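Structure file coords06.cif with mmCIF, C-alpha atoms and all ligand atoms:
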```cif
data_final
#
loop_
_atom_site.label_atom_id
_atom_site.label_comp_id
_atom_site.auth_asym_id
_atom_site.auth_seq_id
_atom_site.Cartn_x
_atom_site.Cartn_y
_atom_site.Cartn_z
CA MET A 299 102.05 77.29 90.59
CA GLU A 300 103.97 78.28 93.67
CA PRO A 301 107.47 76.87 94.04
CA ASP A 302 106.65 75.29 97.42
CA HIS A 303 103.90 73.22 95.83
CA CYS A 304 105.95 72.72 92.72
CA GLY A 305 108.92 71.32 94.65
CA THR A 306 106.89 68.35 95.86
CA MET A 307 105.37 67.93 92.42
CA CYS A 308 108.77 67.97 90.75
CA GLU A 309 110.00 65.20 93.00
CA LEU A 310 107.07 63.07 91.84
CA VAL A 311 107.59 64.02 88.22
CA LEU A 312 111.28 63.21 88.23
CA ARG A 313 110.84 59.98 90.18
CA TYR A 314 107.87 58.63 88.19
CA PRO A 315 108.16 59.27 84.42
CA GLU A 316 104.60 58.03 83.84
CA VAL A 317 103.09 60.78 86.05
CA LYS A 318 101.17 63.47 84.14
CA ILE A 319 100.71 67.04 85.34
CA VAL A 320 97.26 68.59 85.09
CA GLY A 321 97.03 72.36 84.98
CA ASN A 322 96.04 75.36 82.94
CA ALA A 323 98.25 77.08 80.37
CA LYS A 324 99.37 79.73 82.88
CA THR A 325 100.39 77.01 85.35
CA PHE A 326 102.68 75.44 82.79
CA ALA A 327 104.14 78.80 81.79
CA MET A 328 105.05 79.38 85.45
CA ILE A 329 106.52 75.92 85.92
CA ARG A 330 108.74 76.61 82.90
CA GLN A 331 109.92 79.83 84.59
CA PHE A 332 110.95 78.02 87.77
CA PHE A 333 112.25 74.68 86.45
CA ASN A 334 114.15 73.23 83.53
CA PHE A 335 112.70 69.74 83.15
CA ASP A 336 110.58 68.87 80.13
CA ILE A 337 107.04 69.74 81.20
CA ASP A 338 105.39 69.65 77.77
CA SER A 339 105.50 65.87 77.33
CA ARG A 340 103.73 65.49 80.69
CA ALA A 341 101.25 68.36 80.53
CA VAL A 342 97.48 67.79 80.44
CA THR A 343 95.92 71.22 79.93
CA VAL A 344 92.51 71.91 81.45
CA ASN A 345 90.40 75.04 81.76
CA GLU A 346 87.63 76.41 84.00
CA SER A 347 84.71 73.95 84.47
CA GLU A 348 86.34 71.25 82.36
CA THR A 349 86.32 67.69 83.65
CA LEU A 350 88.85 64.91 83.52
CA CYS A 351 87.88 61.29 84.12
CA THR A 352 90.65 59.16 85.60
CA GLY A 353 88.56 55.99 85.74
CA LYS A 354 86.65 55.93 89.01
CA HIS A 355 87.12 59.64 89.69
CA THR A 356 85.87 62.54 87.61
CA LEU A 357 87.70 65.74 88.43
CA LYS A 358 86.27 69.19 87.77
CA PHE A 359 88.48 72.26 87.64
CA ILE A 360 87.45 75.59 89.09
CA MET A 361 89.49 78.75 88.59
CA ALA A 362 90.36 80.59 91.81
CA PRO A 363 92.58 83.41 90.52
CA MET A 364 94.67 85.29 93.11
CA ILE A 365 94.08 82.76 95.89
CA HIS A 366 96.78 83.59 95.92
CA TRP A 367 98.56 83.34 92.57
CA PRO A 368 96.98 84.44 89.28
CA GLU A 369 96.70 81.02 87.69
CA THR A 370 95.32 79.22 90.75
CA MET A 371 92.78 76.52 90.01
CA VAL A 372 91.12 74.21 92.55
CA THR A 373 89.98 70.66 91.82
CA TYR A 374 86.68 69.07 92.78
CA ASP A 375 86.42 65.29 92.79
CA THR A 376 82.80 64.82 91.77
CA THR A 377 82.92 61.12 92.71
CA ASP A 378 83.90 61.44 96.38
CA LYS A 379 82.87 65.10 96.66
CA ILE A 380 86.29 66.25 97.78
CA LEU A 381 87.48 69.81 97.18
CA PHE A 382 91.24 70.04 96.67
CA SER A 383 91.33 73.69 97.58
CA GLY A 384 94.92 74.74 96.92
CA ASP A 385 95.98 77.38 99.46
CA ALA A 386 92.39 78.14 100.46
CA PHE A 387 91.57 76.66 103.87
CA GLY A 388 95.26 76.22 104.55
CA THR A 389 97.22 77.02 107.67
CA PHE A 390 100.77 77.44 108.86
CA GLY A 391 102.08 74.64 111.04
CA ALA A 392 103.40 71.10 110.71
CA MET A 393 101.24 68.03 111.15
CA ASN A 394 101.81 65.93 114.26
CA GLY A 395 100.55 62.64 112.88
CA ASN A 396 96.80 63.32 112.84
CA ILE A 397 95.72 64.47 109.42
CA PHE A 398 92.04 65.39 109.98
CA ALA A 399 90.93 68.68 111.55
CA ASP A 400 88.50 66.76 113.78
CA GLU A 401 91.39 64.77 115.23
CA VAL A 402 93.18 67.88 116.54
CA ASP A 403 92.05 70.75 118.77
CA PHE A 404 91.79 73.03 115.75
CA GLU A 405 90.12 75.97 117.48
CA HIS A 406 92.73 76.22 120.23
CA GLU A 407 95.86 74.88 118.57
CA TRP A 408 95.48 75.70 114.86
CA LEU A 409 93.02 78.56 114.35
CA LYS A 410 95.53 81.26 115.31
CA ASP A 411 97.93 80.03 112.61
CA ALA A 412 95.10 79.46 110.11
CA ARG A 413 94.08 83.10 110.60
CA ARG A 414 97.71 84.23 110.35
CA TYR A 415 98.07 82.16 107.18
CA TYR A 416 94.89 83.49 105.60
CA THR A 417 95.39 87.14 106.48
CA ASN A 418 99.05 87.32 105.49
CA ILE A 419 98.97 85.12 102.40
CA VAL A 420 95.47 85.56 101.00
CA GLY A 421 94.09 88.51 103.02
CA LYS A 422 94.56 91.06 100.27
CA TYR A 423 92.28 89.09 97.96
CA GLY A 424 88.98 89.05 99.89
CA PRO A 425 86.79 89.64 96.79
CA GLN A 426 88.45 86.72 94.98
CA VAL A 427 87.86 84.47 98.00
CA GLN A 428 84.22 85.57 97.99
CA THR A 429 83.95 84.52 94.34
CA LEU A 430 85.35 81.07 95.16
CA LEU A 431 83.04 80.68 98.18
CA LYS A 432 80.06 81.51 95.95
CA LYS A 433 81.16 78.89 93.41
CA ALA A 434 81.62 76.37 96.27
CA GLN A 435 78.08 77.04 97.55
CA ASN A 436 76.71 75.16 94.57
CA ILE A 437 78.64 71.97 95.14
CA GLU A 438 78.29 69.31 97.80
CA ILE A 439 81.52 69.03 99.76
CA ASN A 440 82.33 66.02 101.97
CA MET A 441 85.95 66.91 102.45
CA ILE A 442 88.33 69.82 101.94
CA CYS A 443 91.97 68.99 101.28
CA SER A 444 94.11 72.09 101.36
CA LEU A 445 97.75 72.13 100.34
CA HIS A 446 98.66 73.20 103.88
CA GLY A 447 97.36 71.72 107.12
CA PRO A 448 94.63 69.33 108.26
CA VAL A 449 91.92 67.81 106.06
CA TRP A 450 88.34 68.91 106.82
CA ARG A 451 85.60 66.26 106.82
CA THR A 452 83.27 67.42 109.64
CA ASN A 453 82.04 70.83 110.76
CA ILE A 454 83.27 72.28 107.46
CA GLU A 455 80.74 75.15 107.79
CA TRP A 456 82.61 76.41 110.89
CA PHE A 457 85.78 76.95 108.89
CA ILE A 458 83.87 78.33 105.90
CA ASP A 459 82.27 80.86 108.29
CA LYS A 460 85.77 82.02 109.30
CA TYR A 461 86.58 82.45 105.60
CA GLN A 462 83.36 84.42 105.13
CA LYS A 463 84.40 86.82 107.90
CA TRP A 464 88.04 87.14 106.87
CA SER A 465 87.28 87.63 103.19
CA THR A 466 84.68 90.33 103.90
CA TYR A 467 86.95 92.04 106.45
CA THR A 468 84.36 91.40 109.15
CA PRO A 469 85.85 91.33 112.67
CA GLU A 470 85.50 88.18 114.77
CA GLU A 471 85.86 90.00 118.11
CA ASN A 472 84.00 93.15 119.08
CA SER A 473 86.90 94.23 121.26
CA VAL A 474 90.21 96.09 121.21
CA MET A 475 93.66 95.22 119.90
CA ILE A 476 96.41 97.60 121.00
CA ALA A 477 99.70 97.66 119.10
CA TYR A 478 102.41 99.91 120.49
CA ALA A 479 106.00 100.98 119.87
CA SER A 480 107.98 102.34 122.78
CA VAL A 481 111.73 102.92 123.11
CA TYR A 482 111.95 104.17 126.70
CA GLY A 483 108.66 102.77 128.02
CA ASN A 484 106.48 105.90 128.22
CA THR A 485 104.18 105.01 125.33
CA GLU A 486 103.93 101.51 126.76
CA ASN A 487 102.90 103.04 130.09
CA ALA A 488 100.15 105.05 128.38
CA VAL A 489 98.67 102.02 126.60
CA ASN A 490 98.81 100.00 129.81
CA ILE A 491 96.72 102.70 131.50
CA LEU A 492 94.34 102.79 128.53
CA ALA A 493 93.96 98.99 128.61
CA LEU A 494 93.12 99.09 132.33
CA LYS A 495 90.56 101.83 131.74
CA LEU A 496 88.97 99.75 128.98
CA ALA A 497 88.94 96.69 131.23
CA ASP A 498 87.37 98.76 134.05
CA ALA A 499 84.67 99.81 131.60
CA GLY A 500 83.90 96.12 130.96
CA VAL A 501 85.77 95.51 127.72
CA LYS A 502 86.80 91.85 127.55
CA ARG A 503 89.42 89.99 125.51
CA ILE A 504 91.68 93.04 125.07
CA ALA A 505 94.85 92.11 123.17
CA MET A 506 98.08 94.10 123.41
CA TYR A 507 101.25 93.73 121.33
CA ASP A 508 104.66 95.37 121.45
CA VAL A 509 105.57 95.76 117.77
CA SER A 510 109.29 95.47 118.61
CA VAL A 511 108.97 91.89 119.83
CA THR A 512 105.95 90.62 117.89
CA HIS A 513 106.24 89.46 114.30
CA PRO A 514 104.19 91.73 112.01
CA SER A 515 102.30 88.70 110.64
CA GLU A 516 100.81 88.13 114.11
CA ILE A 517 99.65 91.73 114.39
CA VAL A 518 98.15 91.60 110.88
CA ALA A 519 96.18 88.49 111.92
CA GLU A 520 94.98 90.11 115.14
CA ALA A 521 93.98 93.30 113.30
CA PHE A 522 91.76 91.16 111.04
CA ARG A 523 90.30 89.57 114.17
CA TYR A 524 89.47 92.69 116.21
CA SER A 525 86.93 95.43 115.52
CA HIS A 526 88.80 98.25 117.31
CA LEU A 527 92.49 98.93 116.89
CA VAL A 528 94.72 101.26 118.89
CA PHE A 529 98.08 102.22 117.40
CA ALA A 530 100.51 103.99 119.73
CA SER A 531 103.98 105.00 118.62
CA THR A 532 106.95 107.01 119.69
CA THR A 533 108.25 109.51 117.12
CA TYR A 534 111.42 108.19 115.54
CA ASN A 535 113.68 110.37 113.38
CA THR A 536 110.70 112.58 112.50
CA GLY A 537 108.72 109.49 111.54
CA ILE A 538 106.75 106.56 112.95
CA PHE A 539 108.83 104.00 114.88
CA CYS A 540 110.05 101.65 112.12
CA ASN A 541 108.36 98.43 113.33
CA MET A 542 105.05 100.28 113.71
CA GLU A 543 105.38 101.75 110.23
CA THR A 544 105.99 98.22 108.88
CA VAL A 545 102.86 96.96 110.62
CA LEU A 546 100.68 99.79 109.30
CA LEU A 547 101.99 99.48 105.75
CA ASP A 548 101.50 95.72 105.95
CA LEU A 549 97.88 96.19 107.05
CA LYS A 550 97.34 98.61 104.17
CA ALA A 551 98.96 96.18 101.73
CA HIS A 552 96.68 93.41 102.98
CA ASN A 553 93.64 95.57 102.32
CA LEU A 554 92.40 95.58 105.91
CA GLN A 555 89.25 97.69 106.06
CA ASN A 556 86.19 98.49 108.12
CA ARG A 557 87.81 99.05 111.51
CA THR A 558 87.58 101.73 114.21
CA VAL A 559 91.00 103.11 115.03
CA ALA A 560 92.48 105.18 117.87
CA ILE A 561 95.89 106.82 117.74
CA ILE A 562 98.39 107.74 120.46
CA GLU A 563 101.64 109.52 119.59
CA ASN A 564 104.70 110.35 121.64
CA GLY A 565 107.69 112.62 120.93
CA THR A 566 110.06 114.80 122.91
CA TRP A 567 110.71 117.78 120.62
CA ALA A 568 108.39 117.38 117.64
CA PRO A 569 105.84 114.55 117.89
CA THR A 570 104.80 113.62 114.34
CA SER A 571 104.02 109.90 114.55
CA GLY A 572 100.29 110.51 115.14
CA LYS A 573 99.81 112.57 112.00
CA LEU A 574 101.83 110.09 109.97
CA MET A 575 99.95 107.06 111.31
CA ARG A 576 96.66 108.83 110.59
CA GLY A 577 97.91 109.44 107.04
CA ILE A 578 98.53 105.73 106.35
CA ILE A 579 95.30 104.58 108.02
CA SER A 580 93.16 107.16 106.24
CA GLU A 581 94.32 105.76 102.90
CA MET A 582 92.74 102.43 103.85
CA LYS A 583 89.09 101.65 103.05
CA ASP A 584 86.30 102.28 105.59
CA MET A 585 88.57 103.08 108.52
CA ARG A 586 86.94 105.23 111.19
CA ILE A 587 89.64 107.13 113.05
CA LEU A 588 88.49 108.47 116.42
CA ASP A 589 89.04 112.21 116.90
CA ASN A 590 90.57 111.80 120.34
CA THR A 591 94.24 111.42 119.29
CA VAL A 592 96.39 111.56 122.43
CA SER A 593 99.69 113.38 121.95
CA ILE A 594 102.26 112.73 124.68
CA LYS A 595 105.32 114.91 125.16
CA SER A 596 107.88 112.40 126.49
CA SER A 597 105.82 111.01 129.39
CA LEU A 598 102.17 110.98 130.33
CA LYS A 599 101.39 113.70 132.85
CA GLU A 600 98.62 113.72 135.45
CA ASN A 601 96.61 116.28 133.46
CA GLN A 602 96.56 113.98 130.41
CA ILE A 603 94.77 111.18 132.25
CA GLU A 604 91.54 112.94 131.27
CA GLU A 605 92.51 112.57 127.62
CA LEU A 606 92.99 108.83 128.09
CA ASP A 607 89.62 108.71 129.90
CA ALA A 608 88.01 110.42 126.92
CA LEU A 609 89.72 108.05 124.48
CA ALA A 610 88.63 104.99 126.49
CA ALA A 611 85.08 106.38 126.64
CA ALA A 612 85.03 106.97 122.87
CA ILE A 613 86.23 103.40 122.22
CA VAL A 614 83.66 101.92 124.63
CA GLU A 615 80.87 103.97 123.04
CA SER A 616 81.91 102.82 119.59
CA LEU A 617 82.05 99.16 120.75
CA LYS A 618 78.41 99.47 121.87
CA THR A 619 77.24 100.50 118.44
CA SER A 620 79.33 98.10 116.33
C1 LIG A 701 116.44 107.22 117.60
C2 LIG A 701 115.44 108.19 118.16
C3 LIG A 701 114.90 109.16 117.36
C4 LIG A 701 113.98 110.05 117.84
N1 LIG A 701 113.44 110.98 117.01
C5 LIG A 701 112.54 111.87 117.49
C6 LIG A 701 111.95 112.87 116.66
O1 LIG A 701 112.23 112.93 115.47
N2 LIG A 701 111.08 113.73 117.19
C7 LIG A 701 110.75 113.69 118.52
O2 LIG A 701 109.94 114.50 118.97
N3 LIG A 701 111.28 112.75 119.35
C8 LIG A 701 112.16 111.85 118.86
N4 LIG A 701 112.71 110.91 119.68
C9 LIG A 701 112.34 110.92 121.08
C10 LIG A 701 111.19 110.00 121.41
O3 LIG A 701 110.21 110.02 120.45
C11 LIG A 701 110.58 110.48 122.71
O4 LIG A 701 111.57 110.54 123.73
C12 LIG A 701 109.41 109.67 123.18
O5 LIG A 701 108.89 110.28 124.33
C13 LIG A 701 109.79 108.28 123.48
O6 LIG A 701 108.65 107.55 123.89
P1 LIG A 701 108.88 106.14 124.61
O7 LIG A 701 109.28 106.41 126.02
O8 LIG A 701 107.58 105.43 124.50
O9 LIG A 701 109.94 105.45 123.85
C14 LIG A 701 113.61 109.99 119.20
C15 LIG A 701 114.15 109.00 120.01
C16 LIG A 701 115.05 108.10 119.50
C17 LIG A 701 115.59 107.01 120.39
#
```
Show the structure stored in the file as structure tokens.
Amino acid sequence: MEPDHCGTMCELVLRYPEVKIVGNAKTFAMIRQFFNFDIDSRAVTVNESETLCTGKHTLKFIMAPMIHWPETMVTYDTTDKILFSGDAFGTFGAMNGNIFADEVDFEHEWLKDARRYYTNIVGKYGPQVQTLLKKAQNIEINMICSLHGPVWRTNIEWFIDKYQKWSTYTPEENSVMIAYASVYGNTENAVNILALKLADAGVKRIAMYDVSVTHPSEIVAEAFRYSHLVFASTTYNTGIFCNMETVLLDLKAHNLQNRTVAIIENGTWAPTSGKLMRGIISEMKDMRILDNTVSIKSSLKENQIEELDALAAAIVESLKTS
């Protein structure tokens, strides 16, 4: 029971003494850790697949461990066929009055934050999400009420399909996301040239992010979205530039897998960022690192354009077969 959910619940509990709290034993143990009020006199303990009839509504409880806390349980109202999905199918963002997903432009105004929410909060637990989706396949769902964001009552399959992709680490875009770190601008120059070469070769929807000005959560979300990732970093105190290192470690922590990766390094006296980036990425599952690592000594020279051509060609070739 996360404290953000619990806060709202506690307000209800303290304001209305007759309100009961339904949860499993682990939920109550966690509430006791966070709060001091008497939970035991209010607790109704339920377990996986148990039902609770409140009169008109019969609620069924389905365990969804690690989505994204260990005790997580979702609730299915068998009467109105509503899935109260906890954090699953949630999104960052505040409501603007409309509460249903079909009343807002979800694809253009909410999807980016829904992806950022999923990948950063739940992304590590793809197999657990798969288990929940399989359980959900067997029940008729008219509505999904998540704890965060709009309520789904139409086109639910569209959002479930996004969850299928995210939880199986399947890219949504067969295209290229470039994330770069550059102190003096030379690495940035190299990735700009690479991006133009990719565009000239017909690659569409290329995304490019400067890790110094983009929050890591946005790059994590985009890395889940794209099939091909380019990481380019200046060498920084014999290491990877710190923001880039954070991004790569974050991607590893979120279990990102099954991507094709290209690396560009830069350094003036001893470029090491390429080797170090390769080290982090090669510890991740099913990552295909292209051989054509480009190593820049301070600034890209005319004779290295060929190397960028070869890298662009390798990425384009790989896009064709993925
Ligand atoms: C704080 C700092 C530390 C650096 N440490 C290294 C280093 O350990 N090894 C190295 O070869 N270059 C190091 N450099 C130099 C840069 O990596 C190098 O100049 C690179 O070409 C910069 O690329 P950029 O123009 O994209 O920032 C360092 C630069 C700065 C500002």
Enclose the full set of atoms of stretch 364-373 of chain A listed in the file within a box whose edges lie along x, y and z, apply 8 Å of padding to each of the six sides, and report centre and edge lengths in Å to one decimal as AutoDock Vina command-line options.
```
--center_x 94.3 --center_y 78.0 --center_z 91.8 --size_x 24.6 --size_y 30.6 --size_z 24.2
```
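Nearest to A:His355 of all the residues A:Lys379, A:Lys318, A:Lys502, A:Arg414 is A:Lys379, counting all atoms listed in the file.
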Using only C-alpha atoms and all ligand atoms, which residues have at least one atom no more than 9 Å from ligand LIG 701 (chain A)? Output them as a ChimeraX atom specification. /A:478-488,530-539,563-571,594-597
Kindly export the residues of the current selection with C-alpha atoms, as a tab-separated table (two decimals), in the coordinates of the input.
```
chain	number	residue	atom	x	y	z
A	478	TYR	CA	102.41	99.91	120.49
A	479	ALA	CA	106.00	100.98	119.87
A	480	SER	CA	107.98	102.34	122.78
A	481	VAL	CA	111.73	102.92	123.11
A	482	TYR	CA	111.95	104.17	126.70
A	483	GLY	CA	108.66	102.77	128.02
A	484	ASN	CA	106.48	105.90	128.22
A	485	THR	CA	104.18	105.01	125.33
A	486	GLU	CA	103.93	101.51	126.76
A	487	ASN	CA	102.90	103.04	130.09
A	488	ALA	CA	100.15	105.05	128.38
A	530	ALA	CA	100.51	103.99	119.73
A	531	SER	CA	103.98	105.00	118.62
A	532	THR	CA	106.95	107.01	119.69
A	533	THR	CA	108.25	109.51	117.12
A	534	TYR	CA	111.42	108.19	115.54
A	535	ASN	CA	113.68	110.37	113.38
A	536	THR	CA	110.70	112.58	112.50
A	537	GLY	CA	108.72	109.49	111.54
A	538	ILE	CA	106.75	106.56	112.95
A	539	PHE	CA	108.83	104.00	114.88
A	563	GLU	CA	101.64	109.52	119.59
A	564	ASN	CA	104.70	110.35	121.64
A	565	GLY	CA	107.69	112.62	120.93
A	566	THR	CA	110.06	114.80	122.91
A	567	TRP	CA	110.71	117.78	120.62
A	568	ALA	CA	108.39	117.38	117.64
A	569	PRO	CA	105.84	114.55	117.89
A	570	THR	CA	104.80	113.62	114.34
A	571	SER	CA	104.02	109.90	114.55
A	594	ILE	CA	102.26	112.73	124.68
A	595	LYS	CA	105.32	114.91	125.16
A	596	SER	CA	107.88	112.40	126.49
A	597	SER	CA	105.82	111.01	129.39
```
Restricting the calculation to all atoms listed in the file, which member of A:Leu492, A:Ala611, A:Ile578, A:Val449 is positioned closest to A:Leu598?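 Of all the options, A:Leu492 lies closest to A:Leu598.
Picture a line from atom CA of A:Glu455 to atom CA of A:Ala412; it runs 15.2 Å.
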Could you list, as a list in words, every residue within 8 Å of A:Phe387, counting all atoms listed in the file and ignoring same-chain residues fewer than 5 positions away?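 Contacts, in chain order: Ala412, Tyr416, Ile442, Ser444, His446, Phe457 and Tyr461 of chain A.
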Please measure the separation of atom CA of A:Thr591 and atom CA of A:Lys463, giving the value in Å to one decimal.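 Taking atom CA of A:Thr591 and atom CA of A:Lys463, their separation equals 28.8 Å.
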